[in-house]
>>> print(open('start_38.txt').read())   # compact mmCIF, C-alpha atoms and all ligand atoms
# COMPACT_ATOMS: atom_id res chain seq x y z
CA MET D 287 3.90 -0.13 12.62
CA ASP D 288 5.80 2.92 13.82
CA TRP D 289 2.74 5.18 13.88
CA PHE D 290 -0.17 4.36 16.17
CA GLY D 291 -2.11 7.57 16.57
CA PHE D 292 0.21 10.04 18.27
CA ASP D 293 2.43 12.42 16.38
CA ASN D 294 5.09 12.66 19.04
CA PRO D 295 8.77 12.71 18.05
CA VAL D 296 10.19 9.59 16.50
CA GLU D 297 12.96 9.36 19.11
CA SER D 298 10.53 8.93 22.00
CA ARG D 299 8.15 6.79 19.95
CA TYR D 300 10.87 4.30 19.04
CA ALA D 301 12.20 4.28 22.60
CA MET D 302 8.72 3.35 23.83
CA ILE D 303 8.21 0.69 21.14
CA LYS D 304 11.45 -0.94 22.23
CA ALA D 305 10.80 -0.48 25.95
CA VAL D 306 7.51 -2.40 25.89
CA GLY D 307 9.18 -5.36 24.17
CA PHE D 308 8.88 -5.08 20.40
CA ASN D 309 11.94 -5.91 18.29
CA GLY D 310 11.02 -4.36 14.99
CA ILE D 311 8.91 -1.83 13.14
CA GLN D 312 7.31 -1.18 9.80
CA MET D 313 7.85 2.44 8.86
CA CYS D 314 4.80 4.39 7.79
CA ARG D 315 5.79 6.69 5.03
CA PHE D 316 2.82 8.98 4.70
CA SER D 317 4.58 12.33 4.61
CA ASP D 318 7.24 13.85 2.37
CA PHE D 319 10.64 12.33 1.92
CA ASP D 320 12.06 15.82 2.29
CA ASN D 321 10.93 15.63 5.86
CA GLU D 322 14.17 15.54 7.82
CA GLU D 323 12.60 13.61 10.66
CA TYR D 324 11.63 10.83 8.29
CA ASN D 325 15.14 10.51 6.96
CA LEU D 326 16.46 10.11 10.48
CA ARG D 327 14.13 7.27 11.35
CA PRO D 328 16.37 4.37 10.19
CA SER D 329 19.25 5.58 12.35
CA VAL D 330 16.93 6.13 15.33
CA ALA D 331 15.59 2.59 14.84
CA LYS D 332 19.13 1.24 14.77
CA ARG D 333 20.02 3.07 17.96
CA HIS D 334 17.06 1.42 19.68
CA SER D 335 17.87 -1.99 18.17
CA LEU D 336 14.62 -2.07 16.22
CA LYS D 337 14.71 -3.98 12.96
CA VAL D 338 12.97 -2.13 10.13
CA GLU D 339 10.98 -4.84 8.34
CA ASN D 340 9.69 -2.66 5.51
CA ILE D 341 8.20 0.72 4.74
CA HIS D 342 4.58 1.39 3.92
CA ALA D 343 4.32 3.56 0.80
CA PRO D 344 1.79 6.40 0.70
CA PHE D 345 -1.43 5.38 -1.00
CA ARG D 346 -3.62 8.46 -1.12
CA ASP D 347 -2.86 9.18 -4.81
CA VAL D 348 -2.38 5.60 -5.92
CA ASN D 349 -5.42 5.60 -8.20
CA THR D 350 -3.63 8.11 -10.46
CA LEU D 351 -1.18 5.33 -11.28
CA TRP D 352 -3.75 3.75 -13.58
CA LEU D 353 -4.64 6.94 -15.45
CA PRO D 354 -2.84 9.02 -18.07
CA GLY D 355 -1.27 12.23 -16.81
CA VAL D 356 1.52 13.66 -14.80
CA ALA D 357 -0.06 12.75 -11.44
CA GLY D 358 0.40 9.06 -12.23
CA ASP D 359 4.02 9.65 -13.26
CA ASN D 360 4.60 11.51 -10.02
CA TYR D 361 3.08 8.72 -7.98
CA ALA D 362 5.29 6.14 -9.72
CA ASN D 363 8.24 8.37 -8.92
CA LEU D 364 7.20 8.42 -5.28
CA LEU D 365 7.25 4.63 -5.23
CA TYR D 366 10.69 4.74 -6.77
CA GLN D 367 11.83 7.10 -4.00
CA CYS D 368 10.50 4.59 -1.45
CA ALA D 369 12.67 1.90 -3.05
CA GLU D 370 15.71 4.17 -3.06
CA PHE D 371 15.13 5.02 0.59
CA CYS D 372 14.98 1.30 1.42
CA ALA D 373 18.14 0.53 -0.55
CA LYS D 374 20.02 3.33 1.16
CA ASN D 375 18.97 2.16 4.61
CA ASP D 376 19.12 -1.63 4.20
CA ILE D 377 15.35 -2.03 4.43
CA PRO D 378 14.28 -5.07 2.40
CA ALA D 379 10.79 -4.21 1.18
CA VAL D 380 8.15 -1.62 0.28
CA VAL D 381 4.49 -2.41 1.01
CA ILE D 382 2.03 -0.84 -1.42
CA HIS D 383 -1.69 -0.60 -2.07
CA LEU D 384 -2.65 -1.08 -5.71
CA SER D 385 -5.66 1.21 -5.25
CA ASP D 386 -7.45 3.40 -2.76
CA GLY D 387 -11.18 3.06 -2.04
CA CYS D 388 -13.89 0.62 -3.03
CA PRO D 389 -14.63 -0.54 -5.62
CA PRO D 390 -11.03 -0.47 -6.90
CA PRO D 391 -10.40 1.31 -10.22
CA GLU D 392 -9.84 -0.67 -13.38
CA LYS D 393 -6.21 -1.60 -13.81
CA THR D 394 -4.60 -0.38 -17.04
CA MET D 395 -1.56 -1.26 -19.16
CA LEU D 396 -0.20 2.19 -18.40
CA GLY D 397 -0.32 1.53 -14.66
CA TRP D 398 1.30 -1.88 -14.98
CA SER D 399 4.06 -0.48 -17.15
CA ARG D 400 4.75 2.33 -14.65
CA LEU D 401 4.95 -0.28 -11.91
CA ASP D 402 7.16 -2.48 -14.04
CA LYS D 403 9.81 0.24 -14.31
CA VAL D 404 9.74 0.92 -10.58
CA ILE D 405 9.74 -2.70 -9.42
CA ARG D 406 12.38 -3.80 -11.92
CA THR D 407 14.71 -1.02 -10.78
CA ALA D 408 13.96 -1.74 -7.12
CA HIS D 409 14.82 -5.39 -7.68
CA LYS D 410 18.23 -4.36 -9.01
CA LEU D 411 18.69 -2.36 -5.81
CA GLY D 412 17.80 -5.44 -3.75
CA VAL D 413 14.39 -4.11 -2.66
CA ARG D 414 11.22 -6.18 -2.88
CA PHE D 415 7.71 -4.80 -3.51
CA LEU D 416 4.80 -6.35 -1.60
CA SER D 417 1.14 -5.64 -2.31
CA GLU D 418 -1.51 -5.98 0.38
CA ASN D 419 -5.05 -7.34 0.15
CA LEU D 420 -7.65 -4.58 0.06
CA CYS D 421 -11.41 -4.41 -0.37
CA SER D 422 -11.99 -7.12 -2.94
CA GLU D 423 -10.57 -10.38 -4.21
CA ASP D 424 -10.17 -8.87 -7.63
CA SER D 425 -7.92 -6.03 -6.56
CA GLY D 426 -5.06 -6.77 -8.95
CA ILE D 427 -2.87 -8.79 -6.63
CA LYS D 428 -2.95 -11.91 -8.79
CA MET D 429 -1.81 -9.92 -11.82
CA PHE D 430 0.78 -8.05 -9.73
CA LEU D 431 2.33 -11.31 -8.51
CA GLU D 432 2.30 -12.88 -11.96
CA LEU D 433 3.67 -9.89 -13.82
CA PHE D 434 6.43 -9.15 -11.36
CA ALA D 435 7.34 -12.68 -10.26
CA GLU D 436 10.74 -12.29 -11.88
CA TYR D 437 11.40 -9.32 -9.57
CA ASP D 438 10.37 -11.34 -6.53
CA ALA D 439 7.18 -9.31 -5.96
CA GLY D 440 5.29 -10.56 -2.93
CA PHE D 441 2.16 -10.44 -0.83
CA CYS D 442 1.46 -8.62 2.43
CA TYR D 443 -1.46 -10.26 4.25
CA ASP D 444 -3.63 -7.73 6.11
CA THR D 445 -5.85 -9.55 8.63
CA GLY D 446 -8.12 -6.56 9.24
CA HIS D 447 -8.89 -6.07 5.55
CA ASP D 448 -9.51 -9.77 5.11
CA HIS D 449 -11.97 -9.88 8.00
CA LEU D 450 -13.79 -6.74 6.92
CA TYR D 451 -13.97 -7.15 3.14
CA THR D 452 -13.26 -10.72 2.05
CA PRO D 453 -13.94 -13.15 4.91
CA GLU D 454 -14.93 -15.91 2.47
CA TYR D 455 -11.78 -15.67 0.38
CA ASP D 456 -8.74 -17.75 1.22
CA TRP D 457 -5.82 -15.38 0.64
CA ILE D 458 -3.33 -17.75 2.20
CA GLU D 459 -4.36 -20.63 -0.02
CA HIS D 460 -3.91 -18.44 -3.10
CA PHE D 461 -0.92 -16.30 -2.25
CA GLY D 462 0.62 -17.71 0.92
CA ASN D 463 3.69 -18.86 -0.99
CA LYS D 464 4.46 -15.23 -1.89
CA LEU D 465 4.04 -13.90 1.62
CA GLY D 466 6.57 -11.27 2.66
CA ALA D 467 4.88 -9.32 5.46
CA LEU D 468 1.88 -9.23 7.79
CA HIS D 469 -0.39 -6.38 8.86
CA ILE D 470 -2.23 -7.55 11.92
CA SER D 471 -5.25 -5.77 13.34
CA ASP D 472 -8.75 -6.62 14.47
CA ASN D 473 -12.14 -5.03 13.79
CA ASP D 474 -15.86 -5.65 14.25
CA GLY D 475 -16.43 -6.61 10.61
CA LYS D 476 -18.00 -3.19 9.93
CA THR D 477 -15.17 -0.65 9.94
CA ASP D 478 -11.43 -0.85 9.36
CA SER D 479 -10.74 0.29 12.90
CA HIS D 480 -7.19 -1.12 13.21
CA SER D 481 -8.02 -2.33 16.70
CA LEU D 482 -5.80 -4.49 18.86
CA PRO D 483 -6.08 -8.26 18.36
CA PHE D 484 -9.03 -9.67 20.39
CA ASP D 485 -10.91 -6.36 20.52
CA GLY D 486 -12.89 -7.32 17.40
CA ASN D 487 -14.21 -10.60 16.06
CA ALA D 488 -11.63 -11.60 13.44
CA SER D 489 -10.76 -15.24 12.94
CA TRP D 490 -7.07 -15.98 13.47
CA GLU D 491 -7.17 -19.30 11.67
CA PRO D 492 -5.54 -17.95 8.44
CA LEU D 493 -2.70 -16.57 10.56
CA ARG D 494 -2.23 -19.90 12.26
CA ARG D 495 -1.63 -21.45 8.84
CA VAL D 496 0.74 -18.61 7.94
CA CYS D 497 2.77 -19.19 11.07
CA ARG D 498 3.02 -22.90 10.40
CA GLU D 499 4.62 -22.28 7.02
CA HIS D 500 6.44 -18.98 7.57
CA LYS D 501 8.06 -19.32 10.92
CA ASN D 502 10.37 -16.35 10.43
CA LEU D 503 7.72 -13.83 9.45
CA ALA D 504 7.35 -11.02 12.00
CA LEU D 505 3.95 -10.66 13.70
CA SER D 506 3.61 -6.98 12.78
CA LEU D 507 0.73 -5.09 14.33
CA GLU D 508 -0.93 -2.37 12.26
CA VAL D 509 -3.00 -0.88 15.04
CA ASN D 510 -3.80 2.60 16.27
CA LEU D 511 -5.64 4.45 18.97
CA LYS D 512 -8.34 5.98 16.79
CA SER D 513 -11.13 3.69 17.91
CA TYR D 514 -10.28 3.82 21.62
CA GLU D 515 -11.05 7.40 22.63
CA ASN D 516 -10.00 7.66 26.28
CA ARG D 517 -9.47 4.02 27.08
CA PHE D 518 -5.68 4.36 27.41
CA LYS D 519 -4.17 7.02 29.61
CA ASP D 520 -1.29 7.64 27.19
CA ASP D 521 0.54 6.18 24.23
CA PHE D 522 2.86 4.13 26.42
CA ALA D 523 -0.12 2.40 28.01
CA PHE D 524 -1.48 1.64 24.55
CA LEU D 525 1.85 0.21 23.42
CA GLU D 526 2.17 -1.94 26.53
CA GLU D 527 -1.26 -3.38 25.87
CA ALA D 528 -0.39 -3.87 22.19
CA TYR D 529 2.66 -5.90 23.16
CA GLN D 530 0.61 -8.07 25.52
CA ARG D 531 -1.90 -8.72 22.74
CA ALA D 532 0.91 -9.63 20.34
CA LYS D 533 2.25 -12.13 22.88
CA ARG D 534 -1.23 -13.57 23.43
CA LEU D 535 -1.65 -13.91 19.68
CA GLU D 536 1.74 -15.56 19.39
CA ASN D 537 0.73 -18.10 22.03
CA LEU D 538 -2.57 -18.71 20.32
CA LEU D 539 -0.89 -19.24 16.97
CA SER D 540 1.54 -21.70 18.40
CA ASN D 541 -1.45 -23.85 19.24
CA GLN D 542 -1.92 -23.46 22.97
CA GLU D 543 -5.49 -22.22 22.59
CA LYS D 544 -8.10 -23.75 20.39
CA ASN D 545 -10.81 -21.15 20.13
CA ILE D 546 -9.80 -18.93 17.23
ZN ZN Y 601 -2.46 -2.83 5.99
>>> encode(input="start_38.txt", output="structure tokens")
Amino acid sequence: MDWFGFDNPVESRYAMIKAVGFNGIQMCRFSDFDNEEYNLRPSVAKRHSLKVENIHAPFRDVNTLWLPGVAGDNYANLLYQCAEFCAKNDIPAVVIHLSDGCPPPEKTMLGWSRLDKVIRTAHKLGVRFLSENLCSEDSGIKMFLELFAEYDAGFCYDTGHDHLYTPEYDWIEHFGNKLGALHISDNDGKTDSHSLPFDGNASWEPLRRVCREHKNLALSLEVNLKSYENRFKDDFAFLEEAYQRAKRLENLLSNQEKNI
């Protein structure tokens, strides 16, 4: 993920991400598209030889998608802008949340039809939509994947959410064949702290199965500094540690260690 807790300029952030060893990023898109800095990010990534795997759509207003009114239309339009941005910059996918907060709101025909327009158009532009697992098994992902199968809609497996909210549910068994991205973080099973792998108590067994079947999928960390207070002297130190954890996880997943 290209945001990890510091709002320093994208140029230096990407330089650091590359310098510690990472090859790619997922772009967080939480601010306005009019933001000039945001529009420059793909070219900055290219300059630093960072592959942009996907962008993460904003999700704060996503619940409006399921309700009548202009706010829901605007949110659908925002998703469409994400797809356009990807098409323009050769980014293959947009990761979305189908809802915000627990329990998730009831899904409606209106919401599905708004999504249908967006995802169908995105598909024509060569951009795939991926939905991530959130706070319950019944969060609409099954319906999302069924309804939009013809547009190659896919699944983004978030390890932190799985550990925190649905440890008994086997996401990989159900949706592993639709997997298009990973969000990897750890936590203590009580808060979605987006900690580095091995700083919480998540099981990495589902990821091991993922890696067996999806060898080309990037191990994308979705971590940030929020839970660390003063543990790292600066953002570079945090990134260096993040890279070491990613390597350790990679080793673990390729079977060298047993205790996951
Ligand atoms: Zn996530």
>>> residues_near_ligand(input="start_38.txt", ligand="ligand ZN 601 (chain Y)", cutoff="9 Å", atoms="only C-alpha atoms and all ligand atoms", output="list in words")
His342, Val381, Ile382, His383, Glu418, Asn419, Leu420, Cys442, Tyr443, Asp444, Thr445, Gly446, His447, Leu468, His469, Ile470, Ser471, His480 and Glu508 of chain D
>>> atom_distance(input="start_38.txt", atom1="CA of Asp448 in chain D", atom2="CA of Cys421 in chain D")
7.9 Å
>>> closest_residue(input="start_38.txt", among="D:Gly426, D:Pro354, D:Gly291, D:Pro492", to="Tyr455 in chain D", atoms="only C-alpha atoms")
D:Pro492
>>> closest_residue(input="start_38.txt", among="D:Glu499, D:Glu491, D:Asp386, D:Asp521", to="Leu539 in chain D", atoms="all atoms listed in the file")
D:Glu491
>>> residues_around(input="start_38.txt", residues="Glu432 in chain D", least_positions_apart="5", cutoff="12 Å", atoms="all atoms listed in the file", output="PyMOL selection string")
chain D and resi 398+402+426-427+437-441+461+464
>>> residues_around(input="start_38.txt", residues="His500 in chain D", least_positions_apart="6", cutoff="12 Å", atoms="only C-alpha atoms", output="PyMOL selection string")
chain D and resi 458+462-468+493-494+539
>>> residues_near_point(input="start_38.txt", point="(0.7, 12.7, -7.6)", cutoff="10 Å", atoms="only C-alpha atoms", output="list in words")
Arg346, Asp347, Val348, Asn349, Thr350, Leu351, Gly355, Val356, Ala357, Gly358, Asp359, Asn360, Tyr361, Ala362, Asn363 and Leu364 of chain D
>>> residues_around(input="start_38.txt", residues="Ile303 in chain D", least_positions_apart="2", cutoff="12 Å", atoms="only C-alpha atoms", output="VMD selection string")
chain D and resid 287 to 290 296 to 301 305 to 312 330 to 331 334 to 337 507 521 to 529
>>> atom_distance(input="start_38.txt", atom1="CA of Trp457 in chain D", atom2="CA of Leu353 in chain D")
27.5 Å
>>> closest_residue(input="start_38.txt", among="D:Glu423, D:Glu436, D:Ser479, D:Ile405", to="His460 in chain D", atoms="all atoms listed in the file")
D:Glu423
>>> closest_residue(input="start_38.txt", among="D:Tyr451, D:Tyr366, D:Phe415, D:Phe430", to="Pro378 in chain D", atoms="only C-alpha atoms")
D:Phe415
>>> decode(input="start_38.txt", residues="range 331-399 of chain D", atoms="C-alpha atoms", output="CSV table (one decimal), in the first residue's frame")
chain,number,residue,atom,x,y,z
D,331,ALA,CA,5.6,5.0,-9.6
D,332,LYS,CA,6.9,4.3,-13.1
D,333,ARG,CA,10.0,6.5,-12.5
D,334,HIS,CA,10.8,4.4,-9.5
D,335,SER,CA,10.0,1.1,-11.3
D,336,LEU,CA,7.1,0.3,-9.0
D,337,LYS,CA,4.3,-1.7,-10.5
D,338,VAL,CA,0.9,-0.4,-9.6
D,339,GLU,CA,-1.1,-3.5,-8.8
D,340,ASN,CA,-4.5,-1.8,-8.2
D,341,ILE,CA,-6.1,1.2,-6.6
D,342,HIS,CA,-8.1,1.2,-3.4
D,343,ALA,CA,-11.4,3.1,-3.9
D,344,PRO,CA,-12.6,5.4,-1.1
D,345,PHE,CA,-15.2,3.7,1.1
D,346,ARG,CA,-16.3,6.3,3.6
D,347,ASP,CA,-19.6,6.9,1.7
D,348,VAL,CA,-20.1,3.5,0.3
D,349,ASN,CA,-23.2,2.8,2.3
D,350,THR,CA,-25.1,5.4,0.3
D,351,LEU,CA,-24.7,3.1,-2.7
D,352,TRP,CA,-27.5,1.0,-1.4
D,353,LEU,CA,-29.9,3.9,-0.7
D,354,PRO,CA,-32.0,6.1,-2.9
D,355,GLY,CA,-30.7,9.6,-3.4
D,356,VAL,CA,-28.0,11.6,-5.1
D,357,ALA,CA,-25.3,10.6,-2.6
D,358,GLY,CA,-25.5,7.0,-3.9
D,359,ASP,CA,-25.3,8.3,-7.5
D,360,ASN,CA,-22.3,10.4,-6.6
D,361,TYR,CA,-20.6,7.4,-5.0
D,362,ALA,CA,-21.2,5.2,-8.0
D,363,ASN,CA,-19.7,8.0,-10.1
D,364,LEU,CA,-16.6,8.1,-7.9
D,365,LEU,CA,-16.1,4.4,-8.5
D,366,TYR,CA,-16.5,5.0,-12.2
D,367,GLN,CA,-13.8,7.7,-11.9
D,368,CYS,CA,-11.5,5.1,-10.2
D,369,ALA,CA,-12.0,2.8,-13.2
D,370,GLU,CA,-11.3,5.6,-15.7
D,371,PHE,CA,-8.1,6.5,-13.7
D,372,CYS,CA,-7.0,2.9,-13.9
D,373,ALA,CA,-7.7,2.7,-17.6
D,374,LYS,CA,-5.8,5.8,-18.3
D,375,ASN,CA,-2.8,4.7,-16.3
D,376,ASP,CA,-2.7,1.0,-17.2
D,377,ILE,CA,-3.7,-0.1,-13.7
D,378,PRO,CA,-5.6,-3.4,-13.9
D,379,ALA,CA,-8.0,-3.3,-11.0
D,380,VAL,CA,-10.0,-1.3,-8.4
D,381,VAL,CA,-10.4,-2.7,-4.9
D,382,ILE,CA,-13.7,-1.8,-3.3
D,383,HIS,CA,-15.6,-2.3,0.0
D,384,LEU,CA,-19.2,-3.1,-0.4
D,385,SER,CA,-20.1,-1.4,2.9
D,386,ASP,CA,-18.6,0.5,5.7
D,387,GLY,CA,-19.1,-0.5,9.4
D,388,CYS,CA,-20.6,-3.5,11.1
D,389,PRO,CA,-23.2,-4.9,10.7
D,390,PRO,CA,-23.2,-4.2,7.0
D,391,PRO,CA,-26.3,-2.5,5.5
D,392,GLU,CA,-28.8,-4.5,3.6
D,393,LYS,CA,-27.9,-4.7,-0.1
D,394,THR,CA,-30.6,-3.4,-2.5
D,395,MET,CA,-31.4,-3.8,-6.1
D,396,LEU,CA,-30.7,-0.1,-6.6
D,397,GLY,CA,-27.1,-0.6,-5.3
D,398,TRP,CA,-26.5,-3.7,-7.4
D,399,SER,CA,-27.8,-1.9,-10.5
